[in-house]
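Novice: What follows is the file data-v3.pdb, containing PDB, C-alpha atoms and all ligand atoms:
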```pdb
ATOM      1  CA  MET A  43      -7.007  15.305  18.328
ATOM      2  CA  GLU A  44      -5.963  13.797  15.064
ATOM      3  CA  ASN A  45      -8.493  11.071  15.536
ATOM      4  CA  ASP A  46     -11.272  13.645  15.524
ATOM      5  CA  ALA A  47     -10.582  14.263  11.868
ATOM      6  CA  VAL A  48     -11.789  10.813  10.948
ATOM      7  CA  ARG A  49     -14.787  10.587  13.222
ATOM      8  CA  PRO A  50     -18.134  11.744  11.866
ATOM      9  CA  ARG A  51     -18.744  14.049  14.789
ATOM     10  CA  GLU A  52     -18.212  17.759  14.149
ATOM     11  CA  GLY A  53     -16.042  18.111  11.066
ATOM     12  CA  GLY A  54     -16.369  14.594   9.699
ATOM     13  CA  VAL A  55     -18.821  13.430   7.112
ATOM     14  CA  SER A  56     -20.064   9.901   6.702
ATOM     15  CA  SER A  57     -18.869   8.432   3.453
ATOM     16  CA  GLY A  58     -21.689   7.852   1.019
ATOM     17  CA  PRO A  59     -22.025   5.222  -1.701
ATOM     18  CA  CYS A  60     -19.387   4.990  -4.427
ATOM     19  CA  GLN A  61     -19.917   7.585  -7.140
ATOM     20  CA  THR A  62     -17.347   6.006  -9.413
ATOM     21  CA  GLY A  63     -18.326   2.366  -9.153
ATOM     22  CA  VAL A  64     -17.068  -0.366  -6.861
ATOM     23  CA  VAL A  65     -13.764  -2.048  -7.736
ATOM     24  CA  LEU A  66     -13.382  -4.207  -4.686
ATOM     25  CA  GLU A  67     -16.025  -5.495  -2.346
ATOM     26  CA  ALA A  68     -16.043  -7.650   0.754
ATOM     27  CA  ARG A  69     -19.434  -8.918   1.841
ATOM     28  CA  GLY A  70     -19.991 -10.611   5.181
ATOM     29  CA  VAL A  71     -16.354 -11.611   5.348
ATOM     30  CA  THR A  72     -15.255 -13.604   8.358
ATOM     31  CA  LYS A  73     -11.897 -15.184   9.048
ATOM     32  CA  THR A  74     -11.222 -17.619  11.823
ATOM     33  CA  TYR A  75      -7.729 -18.932  12.423
ATOM     34  CA  GLU A  76      -7.041 -21.992  14.446
ATOM     35  CA  LEU A  77      -4.000 -21.817  16.631
ATOM     36  CA  ASP A  78      -3.114 -24.778  18.865
ATOM     37  CA  GLY A  79      -6.720 -25.904  18.873
ATOM     38  CA  VAL A  80      -7.980 -22.452  19.829
ATOM     39  CA  GLU A  81     -10.104 -20.456  17.403
ATOM     40  CA  VAL A  82      -9.075 -16.874  16.771
ATOM     41  CA  ARG A  83     -11.761 -14.765  15.139
ATOM     42  CA  ALA A  84      -9.787 -12.195  13.144
ATOM     43  CA  LEU A  85     -12.722 -10.846  11.095
ATOM     44  CA  CYS A  86     -16.332 -10.981  12.248
ATOM     45  CA  GLY A  87     -18.473 -10.063   9.245
ATOM     46  CA  VAL A  88     -16.863  -7.243   7.293
ATOM     47  CA  ASP A  89     -18.737  -5.373   4.579
ATOM     48  CA  LEU A  90     -16.540  -2.993   2.632
ATOM     49  CA  GLN A  91     -16.789  -1.339  -0.754
ATOM     50  CA  VAL A  92     -13.707   0.240  -2.291
ATOM     51  CA  CYS A  93     -14.613   2.827  -4.920
ATOM     52  CA  ALA A  94     -12.797   3.099  -8.236
ATOM     53  CA  GLY A  95     -10.015   5.655  -8.098
ATOM     54  CA  GLU A  96     -10.264   6.420  -4.408
ATOM     55  CA  MET A  97      -7.540   6.524  -1.795
ATOM     56  CA  LEU A  98      -8.813   4.704   1.245
ATOM     57  CA  ALA A  99      -7.156   4.145   4.599
ATOM     58  CA  ILE A 100      -8.032   1.244   6.851
ATOM     59  CA  MET A 101      -7.120   2.212  10.373
ATOM     60  CA  GLY A 102      -7.163   0.232  13.570
ATOM     61  CA  PRO A 103      -5.010  -0.910  16.458
ATOM     62  CA  SER A 104      -2.622  -3.830  16.260
ATOM     63  CA  GLY A 105      -4.466  -7.130  16.082
ATOM     64  CA  SER A 106      -7.728  -5.601  14.854
ATOM     65  CA  GLY A 107      -7.697  -7.619  11.615
ATOM     66  CA  LYS A 108      -6.283  -5.088   9.132
ATOM     67  CA  SER A 109      -3.707  -7.365   7.554
ATOM     68  CA  THR A 110      -6.147 -10.254   7.446
ATOM     69  CA  LEU A 111      -8.631  -8.068   5.587
ATOM     70  CA  MET A 112      -5.961  -6.844   3.159
ATOM     71  CA  HIS A 113      -4.846 -10.369   2.415
ATOM     72  CA  ILE A 114      -8.412 -11.425   1.735
ATOM     73  CA  VAL A 115      -9.404  -8.522  -0.512
ATOM     74  CA  GLY A 116      -5.975  -8.820  -2.170
ATOM     75  CA  LEU A 117      -6.673 -12.474  -2.976
ATOM     76  CA  LEU A 118      -3.683 -13.711  -0.988
ATOM     77  CA  ASP A 119      -5.978 -15.528   1.416
ATOM     78  CA  ARG A 120      -9.550 -16.803   1.441
ATOM     79  CA  PRO A 121     -12.289 -15.837   3.866
ATOM     80  CA  THR A 122     -13.773 -18.445   6.196
ATOM     81  CA  SER A 123     -17.159 -17.195   5.025
ATOM     82  CA  GLY A 124     -18.444 -14.306   2.947
ATOM     83  CA  THR A 125     -17.512 -13.188  -0.542
ATOM     84  CA  VAL A 126     -14.989 -10.975  -2.270
ATOM     85  CA  THR A 127     -15.710  -9.428  -5.635
ATOM     86  CA  ILE A 128     -13.420  -7.561  -8.007
ATOM     87  CA  ASP A 129     -15.191  -5.491 -10.643
ATOM     88  CA  GLY A 130     -18.343  -7.326  -9.684
ATOM     89  CA  VAL A 131     -16.834 -10.761 -10.266
ATOM     90  CA  ASP A 132     -17.010 -13.134  -7.308
ATOM     91  CA  VAL A 133     -13.496 -14.425  -6.805
ATOM     92  CA  SER A 134     -14.318 -16.523  -3.764
ATOM     93  CA  ARG A 135     -14.657 -19.724  -5.710
ATOM     94  CA  MET A 136     -11.902 -19.229  -8.263
ATOM     95  CA  GLU A 137      -9.238 -21.876  -8.672
ATOM     96  CA  PRO A 138      -5.807 -20.926  -7.290
ATOM     97  CA  ASN A 139      -4.220 -20.350 -10.700
ATOM     98  CA  GLU A 140      -7.151 -18.228 -11.860
ATOM     99  CA  LEU A 141      -6.933 -16.244  -8.631
ATOM    100  CA  ALA A 142      -3.201 -15.705  -9.086
ATOM    101  CA  ALA A 143      -3.793 -14.422 -12.620
ATOM    102  CA  VAL A 144      -6.380 -11.871 -11.448
ATOM    103  CA  ARG A 145      -4.107 -10.814  -8.613
ATOM    104  CA  ASN A 146      -1.076 -10.446 -10.862
ATOM    105  CA  LYS A 147      -3.004  -8.421 -13.408
ATOM    106  CA  ARG A 148      -5.023  -6.153 -11.155
ATOM    107  CA  ILE A 149      -3.346  -5.771  -7.789
ATOM    108  CA  GLY A 150      -0.019  -4.470  -6.557
ATOM    109  CA  PHE A 151       1.091  -5.086  -2.969
ATOM    110  CA  VAL A 152       3.326  -3.077  -0.703
ATOM    111  CA  PHE A 153       4.185  -4.479   2.728
ATOM    112  CA  GLN A 154       5.535  -2.999   5.924
ATOM    113  CA  SER A 155       8.664  -5.118   5.786
ATOM    114  CA  PHE A 156       9.226  -4.546   2.041
ATOM    115  CA  ASN A 157       9.365  -8.316   1.336
ATOM    116  CA  LEU A 158      12.202  -8.015  -1.153
ATOM    117  CA  LEU A 159      14.273 -11.051  -2.049
ATOM    118  CA  ALA A 160      17.689 -10.728  -0.419
ATOM    119  CA  ARG A 161      20.775 -11.364  -2.566
ATOM    120  CA  THR A 162      18.700 -10.230  -5.540
ATOM    121  CA  THR A 163      19.199  -6.862  -7.197
ATOM    122  CA  ALA A 164      16.597  -4.127  -7.128
ATOM    123  CA  ALA A 165      16.011  -4.651 -10.855
ATOM    124  CA  ALA A 166      15.532  -8.414 -10.485
ATOM    125  CA  ASN A 167      13.136  -7.911  -7.583
ATOM    126  CA  VAL A 168      11.043  -5.549  -9.667
ATOM    127  CA  GLU A 169      11.103  -7.925 -12.641
ATOM    128  CA  LEU A 170       9.719 -10.811 -10.633
ATOM    129  CA  PRO A 171       5.974 -10.196 -11.182
ATOM    130  CA  LEU A 172       6.712  -9.929 -14.903
ATOM    131  CA  VAL A 173       8.443 -13.298 -14.815
ATOM    132  CA  TYR A 174       5.243 -14.765 -13.368
ATOM    133  CA  ALA A 175       3.227 -12.965 -16.040
ATOM    134  CA  GLY A 176       5.361 -14.507 -18.795
ATOM    135  CA  VAL A 177       6.785 -11.229 -20.104
ATOM    136  CA  PRO A 178       9.890 -11.715 -22.304
ATOM    137  CA  ALA A 179      13.276 -10.901 -20.761
ATOM    138  CA  ALA A 180      14.136  -7.776 -22.749
ATOM    139  CA  GLU A 181      10.786  -6.200 -22.012
ATOM    140  CA  ARG A 182      11.100  -7.145 -18.338
ATOM    141  CA  THR A 183      14.429  -5.365 -18.119
ATOM    142  CA  ARG A 184      13.060  -2.272 -19.791
ATOM    143  CA  ARG A 185       9.939  -2.100 -17.650
ATOM    144  CA  ALA A 186      11.791  -2.787 -14.395
ATOM    145  CA  ARG A 187      14.224  -0.002 -15.172
ATOM    146  CA  ALA A 188      11.395   2.397 -16.001
ATOM    147  CA  ALA A 189       9.574   1.517 -12.764
ATOM    148  CA  LEU A 190      12.722   2.063 -10.696
ATOM    149  CA  GLU A 191      13.392   5.354 -12.452
ATOM    150  CA  ARG A 192       9.888   6.421 -11.596
ATOM    151  CA  VAL A 193      10.494   5.973  -7.903
ATOM    152  CA  GLY A 194      13.821   7.766  -8.195
ATOM    153  CA  LEU A 195      16.051   4.705  -8.074
ATOM    154  CA  GLY A 196      17.407   4.725 -11.615
ATOM    155  CA  GLU A 197      20.884   4.849 -10.119
ATOM    156  CA  ARG A 198      20.318   1.824  -7.915
ATOM    157  CA  LEU A 199      19.267  -0.854 -10.391
ATOM    158  CA  HIS A 200      21.947  -3.307  -9.363
ATOM    159  CA  HIS A 201      22.015  -2.686  -5.642
ATOM    160  CA  MET A 202      21.047  -5.485  -3.296
ATOM    161  CA  PRO A 203      18.348  -4.718  -0.700
ATOM    162  CA  ASN A 204      20.924  -4.593   2.119
ATOM    163  CA  GLN A 205      22.784  -1.902   0.173
ATOM    164  CA  LEU A 206      19.722   0.321   0.234
ATOM    165  CA  SER A 207      18.145   2.391   3.003
ATOM    166  CA  GLY A 208      14.723   1.444   4.340
ATOM    167  CA  GLY A 209      13.088   4.215   2.337
ATOM    168  CA  GLN A 210      14.837   3.060  -0.812
ATOM    169  CA  GLN A 211      13.873  -0.561  -0.198
ATOM    170  CA  GLN A 212      10.257   0.480   0.145
ATOM    171  CA  ARG A 213      10.539   2.374  -3.133
ATOM    172  CA  VAL A 214      11.870  -0.778  -4.791
ATOM    173  CA  ALA A 215       8.837  -2.579  -3.381
ATOM    174  CA  ILE A 216       6.579   0.135  -4.801
ATOM    175  CA  ALA A 217       8.270  -0.196  -8.187
ATOM    176  CA  ARG A 218       7.663  -3.935  -8.007
ATOM    177  CA  ALA A 219       4.002  -3.284  -7.205
ATOM    178  CA  LEU A 220       3.671  -0.876 -10.145
ATOM    179  CA  VAL A 221       5.570  -2.732 -12.819
ATOM    180  CA  THR A 222       2.515  -4.761 -13.811
ATOM    181  CA  GLU A 223       0.447  -1.556 -14.053
ATOM    182  CA  PRO A 224      -2.176  -2.651 -11.550
ATOM    183  CA  SER A 225      -5.387  -0.676 -11.127
ATOM    184  CA  ILE A 226      -5.392  -1.330  -7.375
ATOM    185  CA  VAL A 227      -2.503  -0.920  -4.953
ATOM    186  CA  LEU A 228      -2.844  -2.402  -1.478
ATOM    187  CA  ALA A 229      -0.285  -1.135   1.009
ATOM    188  CA  ASP A 230      -0.116  -2.722   4.466
ATOM    189  CA  GLU A 231       1.562  -0.307   6.915
ATOM    190  CA  PRO A 232       3.930   0.849   4.153
ATOM    191  CA  THR A 233       5.447   3.516   6.376
ATOM    192  CA  GLY A 234       5.625   1.372   9.505
ATOM    193  CA  ASN A 235       9.326   0.559   9.252
ATOM    194  CA  LEU A 236      10.461   3.923   7.922
ATOM    195  CA  ASP A 237      11.769   7.107   9.447
ATOM    196  CA  SER A 238       9.213   9.897   9.205
ATOM    197  CA  ARG A 239      10.732  11.585   6.180
ATOM    198  CA  SER A 240      10.882   8.383   4.150
ATOM    199  CA  GLY A 241       7.328   7.670   5.252
ATOM    200  CA  ILE A 242       6.161  11.016   3.909
ATOM    201  CA  GLU A 243       7.957  10.314   0.628
ATOM    202  CA  VAL A 244       6.116   7.035   0.284
ATOM    203  CA  MET A 245       2.793   8.743   1.015
ATOM    204  CA  ALA A 246       3.592  11.476  -1.525
ATOM    205  CA  PHE A 247       4.231   8.863  -4.129
ATOM    206  CA  LEU A 248       1.019   6.994  -3.374
ATOM    207  CA  GLN A 249      -0.990  10.229  -3.457
ATOM    208  CA  GLU A 250       0.532  11.161  -6.787
ATOM    209  CA  LEU A 251      -0.163   7.744  -8.236
ATOM    210  CA  ASN A 252      -3.760   8.029  -7.115
ATOM    211  CA  ARG A 253      -4.256  11.577  -8.310
ATOM    212  CA  GLU A 254      -2.448  11.431 -11.621
ATOM    213  CA  GLU A 255      -3.144   7.900 -12.767
ATOM    214  CA  GLY A 256      -6.362   7.142 -10.991
ATOM    215  CA  VAL A 257      -4.931   4.045  -9.324
ATOM    216  CA  THR A 258      -7.189   2.892  -6.491
ATOM    217  CA  ILE A 259      -5.177   2.791  -3.297
ATOM    218  CA  VAL A 260      -5.946   1.078  -0.018
ATOM    219  CA  ILE A 261      -3.488   1.758   2.746
ATOM    220  CA  VAL A 262      -3.541   0.049   6.125
ATOM    221  CA  THR A 263      -2.233   1.971   9.096
ATOM    222  CA  HIS A 264      -2.581   2.244  12.852
ATOM    223  CA  ASP A 265      -1.555   5.893  12.623
ATOM    224  CA  ALA A 266      -4.236   8.587  12.352
ATOM    225  CA  HIS A 267      -1.796  11.029  10.775
ATOM    226  CA  VAL A 268      -0.958   8.587   7.982
ATOM    227  CA  ALA A 269      -4.672   7.848   7.528
ATOM    228  CA  ARG A 270      -5.382  11.537   6.915
ATOM    229  CA  HIS A 271      -3.472  11.329   3.636
ATOM    230  CA  ALA A 272      -6.412   9.325   2.294
ATOM    231  CA  GLN A 273      -9.797  10.610   1.146
ATOM    232  CA  ARG A 274     -11.713   8.195   3.278
ATOM    233  CA  VAL A 275     -10.945   6.322   6.469
ATOM    234  CA  VAL A 276     -12.472   3.038   7.546
ATOM    235  CA  GLU A 277     -11.819   2.140  11.164
ATOM    236  CA  ILE A 278     -11.667  -1.457  12.211
ATOM    237  CA  LYS A 279     -11.756  -2.812  15.729
ATOM    238  CA  ASP A 280     -11.818  -6.420  16.888
ATOM    239  CA  GLY A 281     -12.497  -7.610  13.354
ATOM    240  CA  ARG A 282     -15.418  -5.260  12.746
ATOM    241  CA  ILE A 283     -15.745  -1.991  10.886
ATOM    242  CA  VAL A 284     -16.754   0.615  13.424
ATOM    243  CA  ASN A 285     -16.487   3.792  11.397
ATOM    244  CA  ASP A 286     -16.364   4.905   7.757
ATOM    245  CA  VAL A 287     -15.873   8.590   7.009
ATOM    246  CA  ARG A 288     -14.610  11.021   4.438
ATOM    247  CA  VAL A 289     -11.536  12.979   5.523
ATOM    248  CA  THR A 290     -12.337  16.674   5.736
ATOM    249  CA  ASP A 291      -8.815  17.933   6.405
ATOM    250  CA  ARG A 292      -6.718  15.794   4.145
ATOM    251  CA  ILE A 293      -2.925  16.063   4.313
ATOM    252  CA  ASP A 294      -0.917  16.617   1.149
ATOM    253  CA  ALA A 295       2.364  14.733   1.558
ATOM    254  CA  LYS A 296       4.082  16.762  -1.138
ATOM    255  CA  ALA A 297       3.356  19.922   0.868
ATOM    256  CA  GLU A 298       4.732  18.225   3.968
ATOM    257  CA  LEU A 299       7.920  17.466   2.055
ATOM    258  CA  ASP A 300       8.155  21.036   0.820
ATOM    259  CA  ALA A 301       7.756  22.272   4.383
ATOM    260  CA  LEU A 302      10.566  19.977   5.510
ATOM    261  CA  HIS A 303      12.659  21.234   2.643
ATOM    262  CA  GLU A 304      12.048  24.854   3.634
ATOM    263  CA  ALA A 305      12.856  24.052   7.222
ATOM    264  CA  GLY A 306      16.310  23.155   5.937
ATOM    265  CA  ASP A 307      16.069  19.448   6.441
ATOM    266  CA  GLY A 308      19.289  17.807   5.257
ATOM    267  CA  GLY A 309      17.571  15.157   3.164
ATOM    268  CA  ALA A 310      16.101  17.610   0.663
ATOM    269  CA  GLY A 311      15.762  16.920  -3.033
ATOM    270  CA  THR A 312      14.693  13.325  -2.752
ATOM    271  CA  ALA A 313      13.369  11.143  -5.451
ATOM    272  CA  VAL A 314       9.684  11.322  -4.749
ATOM    273  CA  ALA A 315       9.585  15.078  -5.024
ATOM    274  CA  GLU A 316      11.395  15.077  -8.315
ATOM    275  CA  HIS A 317      10.854  11.750  -9.969
ATOM    276  CA  GLY A 318       9.046  13.322 -12.919
ATOM    277  CA  ALA A 319      10.895  14.914 -15.801
ATOM    278  CA  GLU A 320      13.710  16.365 -13.749
ATOM    279  CA  PRO A 321      17.233  15.150 -14.340
ATOM    280  CA  GLU A 322      18.883  12.750 -11.944
ATOM    281  CA  ARG A 323      20.668  14.207  -8.977
ATOM    282  CA  PRO A 324      22.552  11.210  -7.681
ATOM    283  CA  ASP A 325      24.668  13.191  -5.241
ATOM    284  CA  GLU A 326      21.660  14.363  -3.260
ATOM    285  CA  ARG A 327      19.989  11.010  -3.533
ATOM    286  CA  ALA A 328      23.054   9.303  -2.157
ATOM    287  CA  SER A 329      23.031  11.611   0.842
ATOM    288  CA  VAL A 330      19.428  10.649   1.567
ATOM    289  CA  GLY A 331      20.315   7.002   1.468
ATOM    290  CA  SER A 332      23.418   7.160   3.596
ATOM    291  CA  GLY A 333      21.676   9.166   6.287
ATOM    292  CA  GLU A 334      18.988   6.605   6.952
ATOM    293  CA  ARG A 335      20.766   3.317   6.427
ATOM    294  CA  PRO A 336      20.060   0.988   9.340
TER     295      PRO A 336
HETATM  296  P1  LIG A 401      -3.529  -6.312  12.328
HETATM  297  O1  LIG A 401      -2.950  -6.346  10.961
HETATM  298  O2  LIG A 401      -4.642  -5.318  12.492
HETATM  299  O3  LIG A 401      -2.485  -6.070  13.379
HETATM  300  P2  LIG A 401      -4.041  -9.131  11.903
HETATM  301  O4  LIG A 401      -5.003  -9.183  10.790
HETATM  302  O5  LIG A 401      -2.645  -9.434  11.613
HETATM  303  O6  LIG A 401      -4.190  -7.720  12.663
HETATM  304  O7  LIG A 401      -4.524 -10.148  13.037
HETATM  305  C1  LIG A 401      -5.858 -10.174  13.538
HETATM  306  C2  LIG A 401      -5.976 -11.263  14.571
HETATM  307  O8  LIG A 401      -5.794 -12.537  13.971
HETATM  308  C3  LIG A 401      -4.945 -11.183  15.670
HETATM  309  O9  LIG A 401      -5.545 -11.592  16.873
HETATM  310  C4  LIG A 401      -3.889 -12.160  15.246
HETATM  311  O10 LIG A 401      -3.196 -12.665  16.339
HETATM  312  C5  LIG A 401      -4.713 -13.218  14.545
HETATM  313  N1  LIG A 401      -3.967 -13.890  13.457
HETATM  314  C6  LIG A 401      -3.481 -13.313  12.337
HETATM  315  N2  LIG A 401      -2.893 -14.219  11.532
HETATM  316  C7  LIG A 401      -2.990 -15.395  12.171
HETATM  317  C8  LIG A 401      -2.589 -16.729  11.864
HETATM  318  N3  LIG A 401      -1.946 -17.019  10.717
HETATM  319  N4  LIG A 401      -2.872 -17.717  12.762
HETATM  320  C9  LIG A 401      -3.512 -17.424  13.898
HETATM  321  N5  LIG A 401      -3.939 -16.211  14.255
HETATM  322  C10 LIG A 401      -3.682 -15.197  13.405
HETATM  323 MG    MG A 402      -1.016  -6.030  10.296
END
```
In structure tokens, how does this file's structure come out?
Ligand code: ADP
Ligand code: MG

Specialist:
Amino acid sequence: MENDAVRPREGGVSSGPCQTGVVLEARGVTKTYELDGVEVRALCGVDLQVCAGEMLAIMGPSGSGKSTLMHIVGLLDRPTSGTVTIDGVDVSRMEPNELAAVRNKRIGFVFQSFNLLARTTAAANVELPLVYAGVPAAERTRRARAALERVGLGERLHHMPNQLSGGQQQRVAIARALVTEPSIVLADEPTGNLDSRSGIEVMAFLQELNREEGVTIVIVTHDAHVARHAQRVVEIKDGRIVNDVRVTDRIDAKAELDALHEAGDGGAGTAVAEHGAEPERPDERASVGSGERP
């Protein structure tokens, strides 16, 4: 049923060309891994344009090549053949240090498993990309704090990852992705390891970031419900794009949270819903964290 929403049959509409310009483009991208002498074709000629300011979901079953594609368009890995361009610049042949500079400046990553450094505080984790960018210490501290406050973790600056719930750890990871003020955020199954409420909070935050700051967001998911939070869904199967549609019945995560709140869900009043100008409410926040700690 949910899948119907992203198929261009009755209600769906094929996505047209970018109206706002192309920020990220993969052209004829293939990726072949070699594992114990056997070739694994993860991507078989992918053409994808990501439009400036859009929220795009890449959906497909496990093993379909989603992460491989994200790593390639996110400049973490190189294609076997084909090209990747960012703002029209071909990055395929860039030297590693040049590539790292473009990545650090333009792209923020969020991963399913958070990828935080253990035994390192939330603040230090968020500062890390700024260390690589050569930002002075005092400014790093200030910006890391601001990023953590934004995701509602101003009270958790000095917590270690294992002292935070899964939802909170993912918010630290989002703060780390945002601290460099990237214009593109790539999120690979960001809700995959979270309980449903924390997952909705993450989606609400990503939607807000997209809507209010025009950050281009690409989210990978195998879940059609998560995909419907995006404006456009690209489906991938066996390393090929098999569908590319605009979402006609988009889900607003903030409304989902409000509905949960009205239904009397115990975890109400969480950071994502209130991370704007509202004052801190550490008591409620603490109750969210303690309820979902693994
Ligand atoms: P998804 O993220 O959609 O689950 P992946 O991009 O991780 O899919 O993987 C696509 C295919 O490539 C799978 O068959 C997977 O086993 C294979 N693959 C991914 N990474 C590697 C690797 N480093 N070495 C060998 N095979 C890999
Ligand atoms: Mg994956």

Novice: What would the list of residues within 12 Å of (-14.3, -10.8, -5.5) (file frame) look like as an MDAnalysis selection string, if only C-alpha atoms are what count?

Specialist: chainID A and resid 64:69 71 90:92 114:121 124:136 141 144:145 148

Novice: If we count all atoms listed in the file and set the cut-off at 9 Å, which residues sit around range 150-158 of chain A, ignoring sequence neighbours fewer than 6 positions away in its own chain? Please answer as a count of residues only.

Specialist: 31

Novice: Can I get the residues close to ligand LIG 401 (chain A) as a PyMOL selection string, where close means within 6 Å and we count only C-alpha atoms and all ligand atoms?

Specialist: chain A and resi 75-77+82+84+103-110

Novice: What is the distance between CA of Cys93 in chain A and CA of Ile293 in chain A, in Å to one decimal?

Specialist: 19.9 Å

Novice: What separation in Å, quoted to one decimal, exists between CA of Val287 in chain A and CA of Glu254 in chain A?

Specialist: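 CA of Glu254 in chain A lies 23.1 Å from CA of Val287 in chain A.
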